[in-house]
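Visitor: To start, I am sharing the structure in question, which I have written as structure tokens.
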Amino acid sequence: MWNLNYSSASEIKKILEENSLAMSKKFGQNFLLSESAREFIVSSLEIESTDTVFEIGPGLGAITALMIKKAKDVYSFEIDNGFCSLLKNKAFRDEENFHLVPGDALKTLFSINVKPSLIAGNLPYNVGSIIIARLIENDVTPRRMVFTLQKEVVERMVAKNKSSSYSSFSILCQMDYEVSLEKVIKSTSFYPSPNVDSAVVVMKKREKVLVPPFMRSFFISFNRAVFLQRRKNIKNNLRTFCSPDFTKEELDELIKKAGLTGSERAEDFSFDELLSLASIFFSRLEK
């Protein structure tokens, strides 16, 4: 393992220049300089010696270096070819428990025949929420996931009903996990410094399954549908979702059965209330 000082912007800049590498806005690359923040992320994972960890976007390996010391195996998913070369040939070339997976994580995460027990990453702002959504939608749900994301995105993940940040993404994240904003990281803790602050989100797998496995796929689609157009009420959004399976009269009947008028909006519903509504529609479709 090399001795790069991950807390030094000048050393990072030097290693990039020596290897003719440049930061890519397209990949949303920002290095986390704060050693305490990096250690906080790793400690929040609660890594055990038998764990297989997936790391999304290792960059130059600042967080990777800490996880390798604790986990059985670390699989790092990196899209930048230049960073891949440094990680494989310099940073961790002698580490037997380090495994590099080059390419777009949105594709490669689901292409290897390995099941993670933990997932972590300093996620790029432009695709962070997409990556998390894709993991959950594909039922890749390890016991714990810890990410650094744009603070606004984390606020959406932890939001409750009747708040402006509440969305279908909030529901999706909370379906399998207890989600908490654990630490705010100022923009000055990164190189280059982004325009907004970040936050560490900890996702702890729920002990109790909230959505029955047989209904999981339907609930994900239902959740997306009721939030499709926030200004519209649930009746209008569900009309599009239910067509052509339900007539207008059947839709009205199901809404009434749920004890609703149809004028409610998605953001009014708690997770349990939305699940209850989805169950009524699912039962009707199964008949």
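Here, A, B, ... name the chains of the structure tokens in the order displayed, residue numbers run from 1 inside each chain, and ligands are numbered from 1 in the same displayed order.
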What's the 6 Å shell around A:Val146, counting only C-alpha atoms, without same-chain residues fewer than 6 positions away, as a list of chain:residue names?
Guide: A:Ala120, A:Val201, A:Val202
Visitor: What's the 9 Å shell around stretch 4-18 of chain A, counting only C-alpha atoms, without same-chain residues fewer than 4 positions away, as a list of chain:residue names?
Guide: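 These residues fall inside the cut-off: A:Ala22, A:Met23, A:Phe31, A:Leu32, A:Leu33, A:Ser34, A:Glu35, A:Leu60, A:Gly61, A:Ala62, A:Ala91, A:Phe190, A:Tyr191, A:Pro192.
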Visitor: To one decimal place in Å, what is the distance between atom CA of A:Leu228 and atom CA of A:Arg143?
Guide: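 For atom CA of A:Leu228 relative to atom CA of A:Arg143, the distance reads 29.6 Å.
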Visitor: Tell me which protein, DNA and RNA residues are within 12 Å of A:Ser221, counting only C-alpha atoms, leaving out same-chain ones fewer than 5 positions away, and put them as a ChimeraX atom specification.
Guide: /A:137,168-169,171-172,215-216,226-228,238,241-242,275,278,281-282
Visitor: Find, counting only C-alpha atoms, the residue in A:Glu178, A:Met1, A:Lys257, A:Thr108 that gets nearest to A:Lys90.
Guide: A:Met1
Visitor: How many Å lie between atom CA of A:Asn30 and atom CA of A:Asn122, rounded to one decimal?
Guide: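 A separation of 8.5 Å between them.
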Visitor: Taking only stretch 36-281 of chain A into account, list the residues labelled strand (DSSP E) by DSSP (computed from the backbone), as a PyMOL selection string.
Guide: chain A and resi 52-56+73-78+98-102+118-122+144-150+177-185+190-191+198-205
Visitor: For A:Asn223, which residue out of A:Ala258, A:Val200, A:Ile63, A:Cys173 is the nearest one, using only C-alpha atoms?
Guide: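 Comparing A:Ala258, A:Val200, A:Ile63, A:Cys173 against A:Asn223, the winner is A:Cys173.
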Visitor: Would you list the contacts of A:Asp104 as number ranges by chain, taking every protein, DNA or RNA residue within 8 Å and counting only C-alpha atoms, but skipping same-chain residues closer than 2 positions in sequence?
Guide: A: 77-79, 102, 106-108
Visitor: Please produce a file of the residues just selected, as a JSON list (two decimals), in the first residue's frame, where the atoms kept are N, CA and C atoms.
Guide:
```
[["chain", "number", "residue", "atom", "x", "y", "z"],
["A", 77, "PHE", "N", -15.44, -0.25, -7.06],
["A", 77, "PHE", "CA", -16.01, -0.01, -8.38],
["A", 77, "PHE", "C", -15.63, 1.40, -8.85],
["A", 78, "GLU", "N", -14.78, 1.47, -9.85],
["A", 78, "GLU", "CA", -14.26, 2.76, -10.30],
["A", 78, "GLU", "C", -14.43, 2.92, -11.81],
["A", 79, "ILE", "N", -14.98, 4.06, -12.21],
["A", 79, "ILE", "CA", -15.27, 4.31, -13.63],
["A", 79, "ILE", "C", -14.10, 4.96, -14.37],
["A", 102, "PRO", "N", -13.45, -2.31, -12.69],
["A", 102, "PRO", "CA", -13.49, -1.10, -13.52],
["A", 102, "PRO", "C", -14.82, -0.96, -14.27],
["A", 106, "LEU", "N", -23.15, 1.62, -12.20],
["A", 106, "LEU", "CA", -24.56, 1.36, -12.48],
["A", 106, "LEU", "C", -24.74, 0.06, -13.26],
["A", 107, "LYS", "N", -23.68, -0.38, -13.90],
["A", 107, "LYS", "CA", -23.72, -1.64, -14.64],
["A", 107, "LYS", "C", -22.94, -2.74, -13.91],
["A", 108, "THR", "N", -21.74, -2.40, -13.46],
["A", 108, "THR", "CA", -20.85, -3.42, -12.90],
["A", 108, "THR", "C", -21.28, -3.94, -11.53]]
```
Visitor: So how many Å separate atom CA of A:Ile112 and atom CA of A:Ser180, to one decimal?
Guide: 29.0 Å
Visitor: Using only C-alpha atoms, determine which residues lie at most 10 Å from A:Lys162, disregarding the query and same-chain residues fewer than 6 positions distant; provide the list as a PyMOL selection string.
Guide: chain A and resi 265-270
Visitor: Deliver the residues from the most recent selection as a file, using N, CA and C atoms, as a CSV table (one decimal), in the first residue's frame.
Guide:
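The result, stored in selection.csv:
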```csv
chain,number,residue,atom,x,y,z
A,265,ARG,N,-52.7,14.3,-1.4
A,265,ARG,CA,-51.5,14.3,-2.2
A,265,ARG,C,-50.5,13.3,-1.6
A,266,ALA,N,-49.6,12.8,-2.4
A,266,ALA,CA,-48.7,11.7,-2.0
A,266,ALA,C,-47.9,12.1,-0.7
A,267,GLU,N,-47.5,13.4,-0.7
A,267,GLU,CA,-46.6,13.8,0.5
A,267,GLU,C,-47.4,13.8,1.8
A,268,ASP,N,-48.7,13.6,1.8
A,268,ASP,CA,-49.5,13.6,3.0
A,268,ASP,C,-49.4,12.2,3.7
A,269,PHE,N,-49.0,11.2,3.0
A,269,PHE,CA,-49.0,9.8,3.5
A,269,PHE,C,-47.7,9.5,4.2
A,270,SER,N,-47.8,8.9,5.4
A,270,SER,CA,-46.7,8.3,6.0
A,270,SER,C,-46.3,7.0,5.2
```
Visitor: Based on the backbone DSSP call, show me all residues of stretch 44-274 of chain A assigned helix (DSSP H, G or I), as a PyMOL selection string.
Guide: chain A and resi 44-45+64-68+81-91+105-108+128-137+151-158+168-176+187-189+213-226+234-242+248-257+266-268+271-274
Visitor: Using only C-alpha atoms, which protein or nucleic acid residues come within 9 Å of stretch 70-72 of chain A? Drop anything in the same chain fewer than 5 positions from it, and give the result as a ChimeraX atom specification.
Guide: /A:47-53,97
Visitor: Fewer than 4 positions away in the same chain doesn't count, so skip those; otherwise give me all residues within 10 Å of A:Glu152, counting only C-alpha atoms, as a list in words.
Guide: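 What passes the distance filter is Arg156, Met157, Ser165, Val196, Asp197, Ser198 and Ala199 of chain A.
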Visitor: Return the single residue from A:Ser187, A:Asn19, A:Ser193, A:Ser117 that is closest to A:Arg144, with distances computed using only C-alpha atoms.
Guide: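 Answer, going by the shortest atom-to-atom distance: A:Ser117.
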